[in-house]
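One file, target-v8.txt, carrying compact mmCIF, C-alpha atoms:
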# COMPACT_ATOMS: atom_id res chain seq x y z
CA MET A 21 -23.46 36.69 18.54
CA SER A 22 -25.93 34.53 20.45
CA GLU A 23 -28.60 34.79 17.72
CA ILE A 24 -26.53 32.56 15.36
CA ASP A 25 -27.23 28.82 15.48
CA TRP A 26 -23.72 27.53 14.76
CA ARG A 27 -24.94 23.94 14.43
CA LYS A 28 -26.59 24.82 11.13
CA VAL A 29 -23.57 26.59 9.64
CA ASP A 30 -21.69 24.98 6.75
CA LEU A 31 -18.02 24.80 7.78
CA ASN A 32 -16.98 25.54 4.19
CA LEU A 33 -18.67 28.93 4.55
CA LEU A 34 -16.65 29.65 7.68
CA VAL A 35 -13.43 28.74 5.89
CA ALA A 36 -14.39 31.05 3.02
CA PHE A 37 -15.20 33.86 5.46
CA THR A 38 -11.76 33.54 7.07
CA THR A 39 -10.05 33.63 3.67
CA LEU A 40 -12.04 36.68 2.62
CA TYR A 41 -11.30 38.40 5.91
CA ARG A 42 -7.56 37.80 5.54
CA THR A 43 -7.23 38.72 1.86
CA ARG A 44 -9.84 41.53 1.67
CA SER A 45 -10.35 40.43 -1.94
CA VAL A 46 -12.84 38.13 -3.66
CA SER A 47 -10.37 37.28 -6.44
CA SER A 48 -7.49 36.57 -4.03
CA ALA A 49 -9.75 34.49 -1.79
CA ALA A 50 -10.90 32.52 -4.84
CA THR A 51 -7.29 31.84 -5.87
CA LYS A 52 -6.30 30.67 -2.39
CA SER A 53 -9.39 28.44 -2.20
CA TYR A 54 -8.85 26.96 -5.71
CA VAL A 55 -12.31 28.04 -6.89
CA SER A 56 -13.50 30.49 -9.53
CA GLN A 57 -14.11 34.15 -8.70
CA SER A 58 -17.82 33.72 -9.46
CA ALA A 59 -17.98 30.78 -7.04
CA MET A 60 -16.39 32.87 -4.29
CA SER A 61 -18.81 35.74 -5.03
CA HIS A 62 -21.69 33.28 -4.68
CA THR A 63 -20.25 32.10 -1.35
CA LEU A 64 -20.05 35.69 -0.15
CA GLN A 65 -23.73 36.15 -0.97
CA LYS A 66 -24.52 33.08 1.17
CA LEU A 67 -22.47 34.50 4.02
CA ARG A 68 -24.29 37.84 3.83
CA LYS A 69 -27.62 36.06 3.95
CA LEU A 70 -26.54 33.82 6.82
CA PHE A 71 -25.30 36.67 8.99
CA ALA A 72 -27.79 39.30 7.76
CA ASP A 73 -24.99 41.75 7.09
CA PRO A 74 -22.91 42.93 4.07
CA LEU A 75 -19.77 41.71 5.91
CA PHE A 76 -17.42 43.22 3.30
CA GLU A 77 -17.88 46.51 1.46
CA ARG A 78 -15.83 47.67 -1.49
CA ARG A 79 -13.62 50.68 -0.92
CA GLY A 80 -11.42 51.30 -3.92
CA TYR A 81 -9.65 48.03 -4.80
CA ARG A 82 -10.17 46.49 -1.37
CA MET A 83 -13.05 44.82 0.46
CA GLN A 84 -13.25 46.31 3.94
CA PRO A 85 -14.91 44.26 6.72
CA THR A 86 -17.97 45.66 8.42
CA GLU A 87 -18.24 45.98 12.18
CA LYS A 88 -20.08 42.67 12.33
CA ALA A 89 -17.39 40.96 10.25
CA ASP A 90 -14.78 42.21 12.72
CA GLN A 91 -16.86 40.75 15.55
CA LEU A 92 -17.32 37.43 13.74
CA ALA A 93 -13.68 36.96 12.71
CA PRO A 94 -12.20 35.89 16.10
CA VAL A 95 -15.21 33.67 16.86
CA ILE A 96 -14.97 31.85 13.51
CA GLU A 97 -11.20 31.56 13.86
CA GLN A 98 -11.66 29.92 17.26
CA ILE A 99 -14.28 27.50 15.90
CA LEU A 100 -12.06 26.40 12.99
CA GLN A 101 -9.01 26.09 15.23
CA GLN A 102 -10.90 23.94 17.73
CA ILE A 103 -12.15 21.65 14.97
CA SER A 104 -8.62 21.37 13.58
CA ASN A 105 -7.09 20.58 16.98
CA ASP A 106 -9.79 18.42 18.55
CA VAL A 107 -11.45 16.71 15.58
CA LEU A 108 -9.13 16.58 12.58
CA GLN A 109 -5.77 16.25 14.30
CA GLN A 110 -4.80 12.57 14.39
CA GLU A 111 -2.78 11.12 17.20
CA ARG A 112 0.80 10.61 16.07
CA PHE A 113 1.74 6.98 15.46
CA GLU A 114 4.74 5.88 17.53
CA PRO A 115 5.98 2.35 16.69
CA ALA A 116 8.03 2.07 19.89
CA SER A 117 4.90 2.39 22.04
CA TYR A 118 2.35 0.77 19.70
CA GLN A 119 0.52 -2.10 21.44
CA GLY A 120 -1.95 -3.02 18.70
CA VAL A 121 -1.96 -5.67 15.99
CA VAL A 122 -0.22 -5.41 12.62
CA ARG A 123 -2.24 -7.41 10.09
CA ILE A 124 -0.40 -8.48 6.95
CA GLY A 125 -1.74 -10.52 4.05
CA LEU A 126 0.83 -12.65 2.23
CA THR A 127 0.72 -14.84 -0.84
CA ASP A 128 2.33 -18.29 -0.46
CA TYR A 129 5.56 -16.99 -1.97
CA ALA A 130 5.68 -13.86 0.23
CA GLU A 131 4.88 -15.86 3.35
CA GLN A 132 7.64 -18.37 2.69
CA VAL A 133 10.27 -15.77 1.83
CA PHE A 134 9.50 -12.72 3.93
CA ALA A 135 7.32 -13.59 6.96
CA PRO A 136 10.14 -14.40 9.46
CA MET A 137 12.14 -11.28 8.50
CA ILE A 138 9.04 -9.10 8.67
CA TYR A 139 8.27 -10.46 12.13
CA ASP A 140 11.81 -9.74 13.37
CA GLN A 141 11.78 -6.18 12.02
CA LEU A 142 8.31 -5.48 13.41
CA ARG A 143 9.32 -6.68 16.85
CA LEU A 144 12.50 -4.63 16.65
CA GLN A 145 10.74 -1.36 15.77
CA ALA A 146 7.47 -1.99 17.62
CA PRO A 147 8.38 -4.42 20.45
CA GLN A 148 4.92 -4.29 22.04
CA CYS A 149 2.94 -5.05 18.88
CA ARG A 150 1.40 -8.35 17.87
CA VAL A 151 1.53 -9.70 14.32
CA SER A 152 -1.14 -11.49 12.31
CA PHE A 153 -0.11 -13.12 9.03
CA ILE A 154 -3.05 -13.99 6.75
CA ASN A 155 -2.71 -16.12 3.62
CA VAL A 156 -4.11 -14.39 0.54
CA ASN A 157 -4.16 -14.92 -3.22
CA ARG A 158 -5.22 -13.06 -6.34
CA SER A 159 -8.83 -14.15 -6.07
CA ASN A 160 -9.50 -13.44 -2.40
CA TYR A 161 -7.31 -10.49 -1.36
CA GLN A 162 -10.23 -8.05 -1.39
CA GLN A 163 -12.33 -10.27 0.86
CA GLN A 164 -9.36 -10.81 3.17
CA PHE A 165 -8.72 -7.07 3.39
CA GLU A 166 -12.27 -6.58 4.60
CA ALA A 167 -12.63 -9.68 6.76
CA HIS A 168 -9.35 -9.25 8.65
CA LYS A 169 -8.94 -5.44 8.43
CA LEU A 170 -5.53 -5.93 6.81
CA ASP A 171 -2.97 -3.14 6.91
CA VAL A 172 -1.20 -4.35 3.78
CA VAL A 173 -0.93 -7.29 1.38
CA ILE A 174 2.40 -8.48 -0.03
CA GLY A 175 2.59 -10.43 -3.26
CA SER A 176 2.37 -10.43 -7.02
CA ILE A 177 -1.22 -9.39 -7.70
CA SER A 178 -2.39 -7.57 -10.82
CA PRO A 179 -4.44 -5.95 -12.08
CA LEU A 180 -5.66 -4.38 -8.85
CA ALA A 181 -9.30 -3.67 -8.10
CA LYS A 182 -10.50 -0.09 -7.85
CA GLY A 183 -9.63 1.51 -4.52
CA TYR A 184 -6.25 -0.21 -4.12
CA SER A 185 -2.69 1.00 -4.76
CA SER A 186 0.57 -0.91 -5.05
CA GLU A 187 4.11 0.06 -4.12
CA HIS A 188 6.90 -1.89 -5.82
CA LEU A 189 9.11 -3.83 -3.43
CA TYR A 190 11.16 -6.25 -5.51
CA THR A 191 11.49 -7.86 -8.94
CA GLU A 192 11.93 -11.60 -8.59
CA GLN A 193 13.82 -13.87 -10.96
CA HIS A 194 13.54 -17.61 -11.55
CA VAL A 195 16.16 -20.34 -11.13
CA CYS A 196 16.35 -24.12 -11.53
CA LEU A 197 16.41 -25.98 -8.19
CA TYR A 198 18.06 -29.41 -7.99
CA ASP A 199 19.90 -31.83 -5.69
CA PRO A 200 23.65 -31.72 -6.48
CA GLU A 201 24.13 -35.20 -5.00
CA VAL A 202 21.89 -36.62 -7.72
CA LEU A 203 22.27 -34.19 -10.62
CA SER A 204 25.43 -32.56 -11.90
CA LEU A 205 24.67 -29.25 -13.58
CA SER A 206 28.14 -27.76 -13.52
CA GLY A 207 28.74 -25.31 -16.32
CA SER A 208 26.03 -23.93 -18.56
CA MET A 209 22.92 -26.05 -19.10
CA SER A 210 21.54 -26.23 -22.64
CA PRO A 211 17.80 -26.20 -23.41
CA GLN A 212 18.19 -29.81 -24.56
CA ASP A 213 19.78 -30.80 -21.23
CA PHE A 214 17.01 -29.00 -19.36
CA ALA A 215 14.20 -30.65 -21.34
CA GLY A 216 15.79 -34.08 -20.80
CA ILE A 217 15.44 -33.95 -16.99
CA GLU A 218 12.14 -34.92 -15.35
CA GLN A 219 10.58 -31.93 -13.68
CA VAL A 220 8.34 -30.84 -10.84
CA LEU A 221 6.15 -27.79 -11.33
CA LEU A 222 5.32 -25.30 -8.59
CA SER A 223 1.66 -24.78 -9.41
CA PRO A 224 -1.02 -23.59 -6.97
CA ALA A 225 -3.73 -24.72 -9.40
CA GLY A 226 -2.13 -28.13 -10.08
CA GLU A 227 -1.50 -27.41 -13.77
CA PHE A 228 1.17 -29.42 -15.59
CA SER A 229 2.28 -26.72 -18.01
CA SER A 230 3.37 -23.09 -17.93
CA GLN A 231 5.05 -20.39 -19.98
CA VAL A 232 8.21 -22.54 -19.91
CA ASP A 233 6.54 -25.20 -22.07
CA ARG A 234 5.59 -22.62 -24.69
CA GLU A 235 9.18 -21.37 -24.73
CA LEU A 236 10.50 -24.91 -25.18
CA ALA A 237 7.94 -25.60 -27.92
CA SER A 238 9.29 -22.63 -29.88
CA LEU A 239 12.65 -24.48 -29.87
CA GLY A 240 11.06 -27.79 -30.88
CA LEU A 241 11.52 -29.25 -27.40
CA THR A 242 9.17 -30.83 -24.87
CA ARG A 243 9.83 -31.38 -21.17
CA HIS A 244 8.33 -34.10 -18.97
CA VAL A 245 6.56 -32.71 -15.89
CA VAL A 246 6.03 -35.67 -13.58
CA ALA A 247 4.50 -33.90 -10.57
CA THR A 248 3.11 -30.59 -9.34
CA ALA A 249 3.04 -29.10 -5.87
CA SER A 250 1.33 -26.00 -4.52
CA ASN A 251 3.55 -25.77 -1.46
CA PHE A 252 7.24 -24.96 -1.67
CA LEU A 253 8.20 -27.17 1.27
CA THR A 254 6.60 -30.18 -0.41
CA LEU A 255 8.42 -29.38 -3.63
CA ALA A 256 11.82 -29.10 -1.92
CA ARG A 257 11.31 -32.47 -0.20
CA LEU A 258 10.41 -34.04 -3.55
CA ILE A 259 13.59 -32.83 -5.19
CA LYS A 260 15.85 -33.96 -2.36
CA GLY A 261 17.46 -37.29 -3.33
CA ARG A 262 15.72 -37.50 -6.73
CA ARG A 263 16.75 -36.76 -10.27
CA LEU A 264 14.29 -33.91 -10.59
CA ILE A 265 14.50 -30.23 -11.39
CA CYS A 266 12.11 -27.36 -10.76
CA ILE A 267 11.91 -23.70 -11.77
CA ILE A 268 11.17 -21.57 -8.71
CA PRO A 269 11.71 -17.96 -7.52
CA ARG A 270 15.32 -17.23 -6.61
CA LEU A 271 14.65 -16.08 -3.03
CA MET A 272 12.81 -19.33 -2.37
CA ALA A 273 15.73 -21.32 -3.71
CA GLN A 274 18.14 -19.45 -1.45
CA GLN A 275 16.27 -20.72 1.60
CA THR A 276 16.79 -24.40 0.81
CA ARG A 277 19.43 -26.51 2.48
CA ALA A 278 21.46 -29.19 0.67
CA LEU A 279 19.91 -28.11 -2.64
CA GLU A 280 21.45 -25.86 -5.26
CA TYR A 281 20.16 -23.75 -8.11
CA ALA A 282 21.26 -22.68 -11.56
CA ALA A 283 20.12 -20.18 -14.15
CA PRO A 284 17.48 -21.58 -16.53
CA PRO A 285 18.71 -22.05 -20.13
CA ILE A 286 15.58 -20.43 -21.57
CA PRO A 287 13.92 -17.06 -20.86
CA VAL A 288 11.56 -17.11 -17.87
CA SER A 289 9.63 -13.93 -17.08
CA ASP A 290 10.44 -12.05 -13.88
CA PHE A 291 7.59 -10.97 -11.62
CA ALA A 292 7.09 -7.97 -9.38
CA ILE A 293 6.43 -8.17 -5.65
CA ALA A 294 4.45 -5.22 -4.28
CA ALA A 295 2.93 -3.87 -1.09
CA ILE A 296 -0.79 -3.42 -1.74
CA THR A 297 -2.82 -0.96 0.30
CA LEU A 298 -6.30 0.52 0.30
CA ASN A 299 -6.15 4.03 -1.15
CA HIS A 300 -7.75 5.62 1.89
CA LYS A 301 -4.94 4.23 4.09
CA LEU A 302 -2.05 5.62 2.04
CA ALA A 303 -1.65 8.78 4.15
CA ASN A 304 -2.14 6.94 7.45
CA GLU A 305 1.00 7.17 9.63
CA LYS A 306 0.88 3.50 10.61
CA SER A 307 0.54 2.50 6.96
CA ARG A 308 3.44 4.71 5.86
CA TRP A 309 5.65 3.28 8.62
CA LEU A 310 4.72 -0.29 7.73
CA ARG A 311 5.39 0.18 4.01
CA ALA A 312 8.79 1.72 4.78
CA LEU A 313 9.57 -1.24 7.04
CA LEU A 314 8.68 -3.67 4.25
CA GLN A 315 11.05 -1.85 1.91
CA GLN A 316 13.83 -2.38 4.46
CA VAL A 317 13.04 -6.08 4.82
CA VAL A 318 12.93 -6.77 1.09
CA PHE A 319 16.11 -4.80 0.47
CA ALA A 320 17.89 -6.88 3.12
CA ALA A 321 16.55 -10.13 1.64
CA ASP A 322 17.80 -9.43 -1.87
If you took the structure in this file and wrote it as structure tokens, what would it be?
Amino acid sequence: MSEIDWRKVDLNLLVAFTTLYRTRSVSSAATKSYVSQSAMSHTLQKLRKLFADPLFERRGYRMQPTEKADQLAPVIEQILQQISNDVLQQERFEPASYQGVVRIGLTDYAEQVFAPMIYDQLRLQAPQCRVSFINVNRSNYQQQFEAHKLDVVIGSISPLAKGYSSEHLYTEQHVCLYDPEVLSLSGSMSPQDFAGIEQVLLSPAGEFSSQVDRELASLGLTRHVVATASNFLTLARLIKGRRLICIIPRLMAQQTRALEYAAPPIPVSDFAIAAITLNHKLANEKSRWLRALLQQVVFAAD
């Protein structure tokens, strides 16, 4: 066997040889390898040329291995097994002993609502890990994935760029946030009541209108937006002690103190929160663990 330079051998040929040796049939080997019978026949011709031997000879309905094929079989089996064990086998990910960094990108909403709970759950399951939260948005998440080697991004981002996948976590609803010491919204609020209250708009881009204004316009109503804020904490401080109202995500509203919320009197679209991952990381054990952890966190938050 010493005359063969194994460094120049295509591993796919070795896999095909092993399949042929086990099945003793070109058609069966083709089926197991998910290739056509002609493709497997062509591979067999390459193997015969490589090893300068027929390797398999037809006897009735079976392909019988030659003496050289019998000699090659255990050597090739050992080569493939060593590659599988030493090269392709990944070290199992164990959260309890993981001492690396978990890097998570979060939109403003996701950071405000989920970051503390994610941290607690990470430290519970992987007590030796460190956590890096990176702020992302729809326009920069790809750059942030690359720059910070993110494991996952959490937020409402669509459509996704090629090479990314999303896993649904939660569908968020909207509510009207207000200060009950200043405003009394007991009972159902009519669209006219809603439009008659000065409003603050949660708007990262600083815009003074949204889908809500189009919905009101269809009813012949107009609201008066007196301020915008891109940060939820700023918005909550504005509402406190003032006769203002704001439509915000429900989970955000639940985190406020001394403020209350009510259902909006007009339809406001829900939005989906997802865990976004690079496609090539989907099968990674760390990635699968992290996405399962996020599902637990979001389920507990709802």
(message) Restricting the calculation to only C-alpha atoms: of A:Pro224, A:Pro94, A:Gly216, A:Gly125, which residue gets closest to Val172 (chain A)?
(response)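 Nearest candidate to Val172 (chain A) out of A:Pro224, A:Pro94, A:Gly216, A:Gly125: A:Gly125.
As for CA of Arg44 (chain A) and CA of Lys69 (chain A), they are spaced 18.7 Å apart.
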Can you write out as CSV which residues of region 178-215 of chain A fall within 12 Å of region 306-314 of chain A, alongside each residue's closest atom pair and its distance in Å to one decimal, counting all atoms listed in the file and ordering rows by chain and ascending residue number?
residue,atom,partner,partner_atom,distance
A:Ser185,CA,A:Arg311,CA,12.0
A:Ser186,CA,A:Arg311,CA,10.3
A:Glu187,CA,A:Arg311,CA,8.2
A:His188,CA,A:Arg311,CA,10.2
A:Leu189,CA,A:Leu314,CA,7.7
A:Tyr190,CA,A:Leu314,CA,10.4
(message) Excluding region 210-214 of chain A and its own-chain neighbours fewer than 6 positions away, which residues fall within 10 Å of it when counting all atoms listed in the file? Please give them as a PyMOL selection string.
(response) chain A and resi 196+235-236+239-243+265+284-286
Do a neighbour search on Lys260 (chain A) at 12 Å with only C-alpha atoms, toss out local chain neighbours closer than 5 positions, and write the hits as a PDB file with C-alpha atoms, in the coordinates of the input.
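See around.pdb below for the written result:
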ATOM      1  CA  LEU A 197      16.410 -25.980  -8.190  1.00  0.00           C
ATOM      2  CA  TYR A 198      18.060 -29.410  -7.990  1.00  0.00           C
ATOM      3  CA  ASP A 199      19.900 -31.830  -5.690  1.00  0.00           C
ATOM      4  CA  PRO A 200      23.650 -31.720  -6.480  1.00  0.00           C
ATOM      5  CA  GLU A 201      24.130 -35.200  -5.000  1.00  0.00           C
ATOM      6  CA  VAL A 202      21.890 -36.620  -7.720  1.00  0.00           C
ATOM      7  CA  LEU A 203      22.270 -34.190 -10.620  1.00  0.00           C
ATOM      8  CA  VAL A 220       8.340 -30.840 -10.840  1.00  0.00           C
ATOM      9  CA  LEU A 253       8.200 -27.170   1.270  1.00  0.00           C
ATOM     10  CA  THR A 254       6.600 -30.180  -0.410  1.00  0.00           C
ATOM     11  CA  LEU A 255       8.420 -29.380  -3.630  1.00  0.00           C
ATOM     12  CA  ILE A 265      14.500 -30.230 -11.390  1.00  0.00           C
ATOM     13  CA  CYS A 266      12.110 -27.360 -10.760  1.00  0.00           C
ATOM     14  CA  THR A 276      16.790 -24.400   0.810  1.00  0.00           C
ATOM     15  CA  ARG A 277      19.430 -26.510   2.480  1.00  0.00           C
ATOM     16  CA  ALA A 278      21.460 -29.190   0.670  1.00  0.00           C
ATOM     17  CA  LEU A 279      19.910 -28.110  -2.640  1.00  0.00           C
ATOM     18  CA  GLU A 280      21.450 -25.860  -5.260  1.00  0.00           C
TER      19      GLU A 280
END
(message) With distances taken over all atoms listed in the file, which residue among A:Asn304, A:Thr191, A:Ser208, A:Gln98 lies nearest Leu34 (chain A)?
(response)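 Looking at the shortest contact to Leu34 (chain A), the residue is A:Gln98.
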(request) Name the closest residue to Asn160 (chain A) among the candidates A:Val195, A:Met209, A:Ala295, A:Leu180; distances are taken between atoms, counting all atoms listed in the file. (result) A:Leu180
(request) Would you mind reading off the distance between CA of Met272 (chain A) and CA of Ser223 (chain A), one decimal, in Å? (result)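 Distance reported for this atom pair: 14.3 Å.
Note that the spacing between CA of Gln315 (chain A) and CA of Gln231 (chain A) amounts to 29.3 Å.
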